[in-house]
file run14.txt (compact mmCIF, N, CA and C atoms)
# COMPACT_ATOMS: atom_id res chain seq x y z
N MET A 1 0.83 -1.18 0.00
CA MET A 1 0.00 0.00 0.00
C MET A 1 0.87 1.24 0.00
N ASP A 2 0.34 2.27 -0.57
CA ASP A 2 1.02 3.56 -0.56
C ASP A 2 0.68 4.30 0.74
N PHE A 3 1.23 5.48 0.91
CA PHE A 3 1.00 6.26 2.13
C PHE A 3 -0.48 6.55 2.36
N ASN A 4 -1.30 6.54 1.31
CA ASN A 4 -2.73 6.82 1.45
C ASN A 4 -3.53 5.56 1.81
N GLY A 5 -2.86 4.42 2.02
CA GLY A 5 -3.54 3.18 2.39
C GLY A 5 -4.07 2.41 1.20
N LEU A 6 -3.81 2.89 -0.01
CA LEU A 6 -4.27 2.23 -1.22
C LEU A 6 -3.08 1.80 -2.06
N ALA A 7 -3.36 1.15 -3.18
CA ALA A 7 -2.30 0.73 -4.09
C ALA A 7 -2.69 1.12 -5.51
N ASP A 8 -1.73 1.07 -6.40
CA ASP A 8 -1.94 1.32 -7.83
C ASP A 8 -1.53 0.04 -8.56
N PRO A 9 -2.36 -1.02 -8.46
CA PRO A 9 -1.95 -2.32 -8.99
C PRO A 9 -2.10 -2.46 -10.49
N TYR A 10 -1.23 -3.32 -11.04
CA TYR A 10 -1.31 -3.77 -12.42
C TYR A 10 -0.82 -5.21 -12.43
N VAL A 11 -1.09 -5.92 -13.53
CA VAL A 11 -0.68 -7.31 -13.65
C VAL A 11 0.23 -7.46 -14.85
N LYS A 12 1.35 -8.14 -14.63
CA LYS A 12 2.25 -8.52 -15.73
C LYS A 12 2.00 -9.99 -16.03
N LEU A 13 1.85 -10.32 -17.31
CA LEU A 13 1.69 -11.70 -17.74
C LEU A 13 2.96 -12.11 -18.48
N HIS A 14 3.43 -13.32 -18.19
CA HIS A 14 4.66 -13.80 -18.79
C HIS A 14 4.52 -15.28 -19.07
N LEU A 15 4.70 -15.69 -20.32
CA LEU A 15 4.68 -17.11 -20.66
C LEU A 15 6.03 -17.72 -20.33
N LEU A 16 6.00 -18.79 -19.55
CA LEU A 16 7.23 -19.49 -19.15
C LEU A 16 7.26 -20.89 -19.74
N PRO A 17 8.38 -21.43 -20.13
CA PRO A 17 9.65 -20.73 -20.23
C PRO A 17 9.67 -19.83 -21.47
N GLY A 18 10.51 -18.85 -21.43
CA GLY A 18 10.66 -17.94 -22.55
C GLY A 18 11.09 -16.57 -22.08
N ALA A 19 12.02 -15.97 -22.76
CA ALA A 19 12.54 -14.68 -22.35
C ALA A 19 12.26 -13.58 -23.36
N SER A 20 11.52 -13.89 -24.43
CA SER A 20 11.30 -12.87 -25.45
C SER A 20 10.25 -11.86 -25.01
N LYS A 21 10.33 -10.68 -25.58
CA LYS A 21 9.38 -9.62 -25.27
C LYS A 21 7.96 -10.02 -25.68
N ALA A 22 7.83 -10.87 -26.69
CA ALA A 22 6.52 -11.33 -27.14
C ALA A 22 5.82 -12.18 -26.09
N ASN A 23 6.58 -12.73 -25.12
CA ASN A 23 6.00 -13.54 -24.05
C ASN A 23 5.48 -12.71 -22.89
N LYS A 24 5.64 -11.37 -22.96
CA LYS A 24 5.27 -10.50 -21.84
C LYS A 24 4.17 -9.54 -22.24
N LEU A 25 3.14 -9.45 -21.40
CA LEU A 25 2.04 -8.50 -21.58
C LEU A 25 1.79 -7.82 -20.25
N LYS A 26 1.07 -6.69 -20.27
CA LYS A 26 0.81 -5.93 -19.04
C LYS A 26 -0.58 -5.29 -19.13
N THR A 27 -1.31 -5.31 -18.01
CA THR A 27 -2.61 -4.66 -17.94
C THR A 27 -2.43 -3.17 -17.69
N LYS A 28 -3.52 -2.46 -17.71
CA LYS A 28 -3.51 -1.07 -17.28
C LYS A 28 -3.40 -1.03 -15.76
N THR A 29 -2.93 0.08 -15.24
CA THR A 29 -2.84 0.28 -13.79
C THR A 29 -4.18 0.81 -13.30
N ILE A 30 -4.66 0.24 -12.20
CA ILE A 30 -5.89 0.73 -11.57
C ILE A 30 -5.46 1.57 -10.37
N ARG A 31 -5.78 2.83 -10.39
CA ARG A 31 -5.32 3.76 -9.36
C ARG A 31 -6.12 3.66 -8.08
N ASN A 32 -5.42 3.78 -6.94
CA ASN A 32 -6.02 3.89 -5.62
C ASN A 32 -7.05 2.81 -5.32
N SER A 33 -6.61 1.55 -5.37
CA SER A 33 -7.51 0.43 -5.14
C SER A 33 -6.81 -0.68 -4.38
N LEU A 34 -7.56 -1.33 -3.49
CA LEU A 34 -7.09 -2.56 -2.85
C LEU A 34 -7.87 -3.77 -3.38
N ASN A 35 -8.90 -3.51 -4.19
CA ASN A 35 -9.72 -4.57 -4.77
C ASN A 35 -9.89 -4.33 -6.26
N PRO A 36 -8.82 -4.37 -7.02
CA PRO A 36 -8.91 -4.05 -8.45
C PRO A 36 -9.62 -5.14 -9.25
N VAL A 37 -10.27 -4.72 -10.31
CA VAL A 37 -10.87 -5.63 -11.27
C VAL A 37 -10.42 -5.16 -12.65
N TRP A 38 -9.77 -6.06 -13.38
CA TRP A 38 -9.32 -5.73 -14.73
C TRP A 38 -10.30 -6.35 -15.71
N ASN A 39 -10.90 -5.53 -16.54
CA ASN A 39 -11.79 -6.02 -17.58
C ASN A 39 -11.10 -5.78 -18.91
N GLU A 40 -10.04 -6.55 -19.14
CA GLU A 40 -9.20 -6.37 -20.33
C GLU A 40 -9.00 -7.71 -21.01
N THR A 41 -8.76 -7.66 -22.28
CA THR A 41 -8.37 -8.84 -23.04
C THR A 41 -6.94 -8.64 -23.52
N LEU A 42 -6.06 -9.51 -23.07
CA LEU A 42 -4.67 -9.49 -23.50
C LEU A 42 -4.45 -10.76 -24.33
N THR A 43 -3.88 -10.62 -25.51
CA THR A 43 -3.80 -11.73 -26.44
C THR A 43 -2.36 -12.07 -26.79
N TYR A 44 -2.05 -13.35 -26.69
CA TYR A 44 -0.78 -13.88 -27.19
C TYR A 44 -1.03 -14.43 -28.59
N PHE A 45 -0.15 -14.15 -29.52
CA PHE A 45 -0.26 -14.64 -30.88
C PHE A 45 0.78 -15.73 -31.12
N GLY A 46 0.44 -16.68 -31.97
CA GLY A 46 1.39 -17.72 -32.36
C GLY A 46 1.57 -18.83 -31.34
N ILE A 47 0.60 -19.02 -30.44
CA ILE A 47 0.69 -20.10 -29.45
C ILE A 47 0.39 -21.42 -30.15
N THR A 48 1.28 -22.38 -30.03
CA THR A 48 1.12 -23.67 -30.68
C THR A 48 0.49 -24.69 -29.73
N GLU A 49 0.08 -25.81 -30.27
CA GLU A 49 -0.45 -26.91 -29.45
C GLU A 49 0.60 -27.37 -28.45
N GLU A 50 1.86 -27.40 -28.89
CA GLU A 50 2.96 -27.79 -27.99
C GLU A 50 3.08 -26.79 -26.84
N ASP A 51 2.97 -25.49 -27.16
CA ASP A 51 3.02 -24.46 -26.11
C ASP A 51 1.92 -24.69 -25.07
N MET A 52 0.73 -25.06 -25.54
CA MET A 52 -0.40 -25.28 -24.64
C MET A 52 -0.14 -26.42 -23.66
N HIS A 53 0.71 -27.35 -24.03
CA HIS A 53 1.01 -28.49 -23.16
C HIS A 53 2.22 -28.25 -22.26
N ARG A 54 3.12 -27.34 -22.67
CA ARG A 54 4.36 -27.22 -21.90
C ARG A 54 4.58 -25.87 -21.23
N LYS A 55 3.80 -24.84 -21.61
CA LYS A 55 4.05 -23.51 -21.04
C LYS A 55 3.10 -23.20 -19.89
N THR A 56 3.54 -22.25 -19.08
CA THR A 56 2.78 -21.79 -17.93
C THR A 56 2.66 -20.28 -18.01
N LEU A 57 1.49 -19.77 -17.65
CA LEU A 57 1.27 -18.33 -17.61
C LEU A 57 1.51 -17.85 -16.19
N ARG A 58 2.51 -16.97 -16.02
CA ARG A 58 2.78 -16.37 -14.70
C ARG A 58 2.11 -15.00 -14.67
N LEU A 59 1.25 -14.79 -13.67
CA LEU A 59 0.58 -13.51 -13.46
C LEU A 59 1.20 -12.86 -12.22
N THR A 60 1.85 -11.74 -12.41
CA THR A 60 2.53 -11.04 -11.32
C THR A 60 1.79 -9.73 -11.05
N VAL A 61 1.33 -9.56 -9.81
CA VAL A 61 0.63 -8.34 -9.43
C VAL A 61 1.64 -7.41 -8.77
N CYS A 62 1.69 -6.17 -9.27
CA CYS A 62 2.64 -5.18 -8.76
C CYS A 62 1.90 -3.90 -8.41
N ASP A 63 2.51 -3.12 -7.54
CA ASP A 63 2.00 -1.79 -7.16
C ASP A 63 2.89 -0.77 -7.85
N GLU A 64 2.29 0.00 -8.76
CA GLU A 64 3.06 1.03 -9.48
C GLU A 64 3.38 2.17 -8.53
N ASP A 65 4.62 2.59 -8.54
CA ASP A 65 5.06 3.69 -7.69
C ASP A 65 5.90 4.63 -8.54
N LYS A 66 5.40 5.83 -8.76
CA LYS A 66 6.09 6.78 -9.62
C LYS A 66 7.32 7.40 -8.95
N LEU A 67 7.37 7.41 -7.61
CA LEU A 67 8.49 8.03 -6.91
C LEU A 67 9.67 7.09 -6.72
N THR A 68 9.40 5.81 -6.50
CA THR A 68 10.48 4.83 -6.34
C THR A 68 10.26 3.75 -7.41
N HIS A 69 10.65 2.53 -7.09
CA HIS A 69 10.42 1.45 -8.05
C HIS A 69 9.12 0.72 -7.71
N ASN A 70 8.55 0.05 -8.69
CA ASN A 70 7.31 -0.69 -8.49
C ASN A 70 7.54 -1.84 -7.52
N GLU A 71 6.52 -2.15 -6.71
CA GLU A 71 6.66 -3.18 -5.70
C GLU A 71 5.88 -4.42 -6.08
N LEU A 72 6.48 -5.59 -5.86
CA LEU A 72 5.83 -6.86 -6.09
C LEU A 72 4.82 -7.11 -4.97
N ILE A 73 3.58 -7.42 -5.33
CA ILE A 73 2.55 -7.79 -4.35
C ILE A 73 2.50 -9.31 -4.23
N GLY A 74 2.52 -10.00 -5.36
CA GLY A 74 2.50 -11.46 -5.35
C GLY A 74 2.29 -11.98 -6.76
N GLU A 75 2.28 -13.30 -6.89
CA GLU A 75 2.11 -13.89 -8.21
C GLU A 75 1.34 -15.19 -8.12
N SER A 76 0.83 -15.60 -9.27
CA SER A 76 0.15 -16.88 -9.41
C SER A 76 0.53 -17.46 -10.76
N ARG A 77 0.48 -18.77 -10.89
CA ARG A 77 0.85 -19.42 -12.14
C ARG A 77 -0.27 -20.37 -12.57
N VAL A 78 -0.54 -20.37 -13.89
CA VAL A 78 -1.57 -21.23 -14.46
C VAL A 78 -0.95 -22.01 -15.62
N PRO A 79 -0.84 -23.34 -15.51
CA PRO A 79 -0.36 -24.12 -16.65
C PRO A 79 -1.35 -23.98 -17.80
N LEU A 80 -0.86 -23.73 -19.00
CA LEU A 80 -1.75 -23.56 -20.15
C LEU A 80 -2.55 -24.82 -20.46
N LYS A 81 -2.06 -25.99 -20.03
CA LYS A 81 -2.81 -27.22 -20.27
C LYS A 81 -4.15 -27.22 -19.51
N ARG A 82 -4.33 -26.30 -18.58
CA ARG A 82 -5.61 -26.20 -17.85
C ARG A 82 -6.65 -25.37 -18.60
N VAL A 83 -6.26 -24.74 -19.70
CA VAL A 83 -7.22 -23.94 -20.47
C VAL A 83 -7.39 -24.55 -21.86
N LYS A 84 -8.55 -24.29 -22.43
CA LYS A 84 -8.86 -24.78 -23.78
C LYS A 84 -9.02 -23.58 -24.70
N PRO A 85 -8.48 -23.67 -25.92
CA PRO A 85 -8.62 -22.56 -26.86
C PRO A 85 -10.10 -22.21 -27.11
N ASN A 86 -10.39 -20.91 -27.20
CA ASN A 86 -11.71 -20.39 -27.51
C ASN A 86 -12.78 -20.74 -26.48
N GLN A 87 -12.38 -21.08 -25.25
CA GLN A 87 -13.32 -21.33 -24.17
C GLN A 87 -12.96 -20.44 -22.99
N THR A 88 -13.97 -19.79 -22.43
CA THR A 88 -13.74 -18.95 -21.25
C THR A 88 -13.66 -19.85 -20.02
N LYS A 89 -12.65 -19.61 -19.20
CA LYS A 89 -12.51 -20.36 -17.96
C LYS A 89 -12.15 -19.37 -16.86
N HIS A 90 -12.84 -19.45 -15.74
CA HIS A 90 -12.59 -18.55 -14.61
C HIS A 90 -11.75 -19.28 -13.57
N PHE A 91 -10.73 -18.58 -13.06
CA PHE A 91 -9.87 -19.13 -12.02
C PHE A 91 -9.99 -18.26 -10.78
N HIS A 92 -10.06 -18.88 -9.63
CA HIS A 92 -9.99 -18.18 -8.36
C HIS A 92 -8.71 -18.68 -7.70
N THR A 93 -7.74 -17.79 -7.59
CA THR A 93 -6.44 -18.20 -7.08
C THR A 93 -5.90 -17.14 -6.12
N CYS A 94 -5.17 -17.59 -5.14
CA CYS A 94 -4.51 -16.66 -4.21
C CYS A 94 -3.12 -16.34 -4.76
N LEU A 95 -2.64 -15.18 -4.40
CA LEU A 95 -1.28 -14.80 -4.77
C LEU A 95 -0.31 -15.55 -3.88
N GLU A 96 0.77 -16.02 -4.49
CA GLU A 96 1.82 -16.68 -3.73
C GLU A 96 2.71 -15.63 -3.10
N HIS A 97 3.41 -16.03 -2.05
CA HIS A 97 4.34 -15.13 -1.39
C HIS A 97 5.44 -14.74 -2.36
N PRO A 98 5.87 -13.51 -2.30
CA PRO A 98 7.01 -13.10 -3.13
C PRO A 98 8.25 -13.88 -2.72
N PRO A 99 9.18 -14.10 -3.65
CA PRO A 99 10.41 -14.80 -3.30
C PRO A 99 11.25 -13.98 -2.33
N PRO A 100 12.10 -14.62 -1.53
CA PRO A 100 12.95 -13.88 -0.60
C PRO A 100 13.89 -12.95 -1.35
N LEU A 101 14.12 -11.79 -0.75
CA LEU A 101 15.01 -10.79 -1.36
C LEU A 101 16.18 -10.55 -0.43
N PRO A 102 17.36 -10.28 -0.98
CA PRO A 102 18.57 -10.24 -0.16
C PRO A 102 18.73 -9.03 0.76
N SER A 103 18.36 -7.83 0.34
CA SER A 103 18.68 -6.65 1.14
C SER A 103 17.58 -6.36 2.15
N PRO A 104 17.90 -5.72 3.29
CA PRO A 104 16.88 -5.37 4.29
C PRO A 104 15.79 -4.47 3.70
N THR A 105 16.15 -3.53 2.85
CA THR A 105 15.16 -2.64 2.23
C THR A 105 14.22 -3.45 1.35
N ALA A 106 14.78 -4.32 0.54
CA ALA A 106 13.96 -5.15 -0.33
C ALA A 106 13.08 -6.08 0.49
N MET A 107 13.60 -6.60 1.62
CA MET A 107 12.82 -7.50 2.47
C MET A 107 11.62 -6.77 3.06
N GLY A 108 11.80 -5.51 3.48
CA GLY A 108 10.67 -4.73 4.01
C GLY A 108 9.61 -4.54 2.95
N GLU A 109 10.01 -4.30 1.72
CA GLU A 109 9.05 -4.15 0.63
C GLU A 109 8.33 -5.46 0.36
N ALA A 110 9.03 -6.57 0.43
CA ALA A 110 8.41 -7.87 0.23
C ALA A 110 7.38 -8.15 1.32
N LEU A 111 7.71 -7.78 2.56
CA LEU A 111 6.78 -8.02 3.66
C LEU A 111 5.50 -7.21 3.50
N ARG A 112 5.61 -5.99 2.97
CA ARG A 112 4.40 -5.22 2.69
C ARG A 112 3.53 -5.96 1.69
N GLY A 113 4.14 -6.58 0.70
CA GLY A 113 3.40 -7.36 -0.28
C GLY A 113 2.73 -8.56 0.36
N ILE A 114 3.44 -9.21 1.29
CA ILE A 114 2.88 -10.37 1.97
C ILE A 114 1.69 -9.95 2.83
N SER A 115 1.77 -8.80 3.51
CA SER A 115 0.64 -8.37 4.33
C SER A 115 -0.58 -8.11 3.47
N CYS A 116 -0.39 -7.59 2.25
CA CYS A 116 -1.51 -7.42 1.32
C CYS A 116 -2.08 -8.78 0.96
N TYR A 117 -1.21 -9.75 0.74
CA TYR A 117 -1.63 -11.11 0.40
C TYR A 117 -2.46 -11.69 1.53
N LEU A 118 -1.99 -11.57 2.76
CA LEU A 118 -2.70 -12.14 3.90
C LEU A 118 -4.05 -11.47 4.10
N ARG A 119 -4.13 -10.17 3.88
CA ARG A 119 -5.39 -9.47 4.01
C ARG A 119 -6.39 -9.99 2.97
N GLU A 120 -5.92 -10.22 1.77
CA GLU A 120 -6.79 -10.76 0.72
C GLU A 120 -7.31 -12.13 1.11
N VAL A 121 -6.45 -13.00 1.65
CA VAL A 121 -6.87 -14.34 2.03
C VAL A 121 -7.92 -14.26 3.12
N ARG A 122 -7.73 -13.43 4.15
CA ARG A 122 -8.71 -13.30 5.22
C ARG A 122 -10.03 -12.79 4.68
N THR A 123 -9.98 -11.81 3.78
CA THR A 123 -11.20 -11.27 3.20
C THR A 123 -11.97 -12.35 2.47
N HIS A 124 -11.28 -13.17 1.68
CA HIS A 124 -11.96 -14.23 0.93
C HIS A 124 -12.48 -15.32 1.81
N LYS A 125 -11.80 -15.64 2.90
CA LYS A 125 -12.26 -16.72 3.79
C LYS A 125 -13.52 -16.33 4.53
N SER A 126 -13.73 -15.05 4.79
CA SER A 126 -14.92 -14.62 5.53
C SER A 126 -16.13 -14.50 4.63
N ASP A 127 -15.94 -14.54 3.31
CA ASP A 127 -17.06 -14.43 2.37
C ASP A 127 -17.96 -15.64 2.44
call {"tool": "encode", "arguments": {"input": "run14.txt", "output": "structure tokens"}}
result
Amino acid sequence: MDFNGLADPYVKLHLLPGASKANKLKTKTIRNSLNPVWNETLTYFGITEEDMHRKTLRLTVCDEDKLTHNELIGESRVPLKRVKPNQTKHFHTCLEHPPPLPSPTAMGEALRGISCYLREVRTHKSD
């Protein structure tokens, strides 16, 4: 969260394995929200049947920060073999904890992301 108690989240999508720019997409940033909803269609082109069986879509949620660097909130991964072409499928998934970071400053930023993650889990469990 930012100093105002809110975040400016966006989602980065990355097809794994793969390091090309064509494997990376990004949503728009939703300003001042702790419960963002993205109503966007992001499209990968040239996905083969083999890709559908061996690749995984990593969704990384970040908080955009114009004054410093963007902060990782958490991530989730979906194997493409769980989706079928031209069929809508809804997933309900929790964000995983961010990976450990080496510096004390980076660790404090990671812990802020984890507290957002835990708040989301508690909110969903009480529903």
call {"tool": "atom_distance", "arguments": {"input": "run14.txt", "atom1": "CA of Asn4 (chain A)", "atom2": "CA of Arg77 (chain A)"}}
result
29.8 Å
call {"tool": "residues_near_point", "arguments": {"input": "run14.txt", "point": "(0.8, -11.7, -18.6)", "cutoff": "8 Å", "atoms": "only C-alpha atoms", "output": "PyMOL selection string"}}
result
chain A and resi 11-15+23-27+42+57-60
call {"tool": "select_by_dssp", "arguments": {"input": "run14.txt", "residues": "region 41-94 of chain A", "states": "helix (DSSP H, G or I)", "output": "ChimeraX atom specification"}}
result
/A:49-54,80-82
call {"tool": "select_by_dssp", "arguments": {"input": "run14.txt", "residues": "region 33-74 of chain A", "states": "strand (DSSP E or B)", "output": "list in words"}}
result
Ser33, Thr56, Leu57, Arg58, Leu59, Thr60, Val61, Cys62, Asp63, Glu71, Leu72, Ile73 and Gly74 of chain A
call {"tool": "atom_distance", "arguments": {"input": "run14.txt", "atom1": "CA of Arg54 (chain A)", "atom2": "CA of His90 (chain A)"}}
result
20.4 Å
call {"tool": "atom_distance", "arguments": {"input": "run14.txt", "atom1": "atom C of Ile73 (chain A)", "atom2": "atom C of Leu95 (chain A)"}}
result
6.9 Å
call {"tool": "residues_near_point", "arguments": {"input": "run14.txt", "point": "(5.5, -8.4, -9.1)", "cutoff": "7 Å", "atoms": "only C-alpha atoms", "output": "ChimeraX atom specification"}}
result
/A:60-62,71-75
call {"tool": "residues_around", "arguments": {"input": "run14.txt", "residues": "Val37 (chain A)", "least_positions_apart": "5", "cutoff": "10 Å", "atoms": "only C-alpha atoms", "output": "list in words"}}
result
Pro9, Tyr10 and Ile30 of chain A
call {"tool": "residues_around", "arguments": {"input": "run14.txt", "residues": "region 81-85 of chain A", "least_positions_apart": "3", "cutoff": "6.5 Å", "atoms": "all atoms listed in the file", "output": "list in words"}}
result
Met52, His53, Arg54, Lys55 and Val78 of chain A
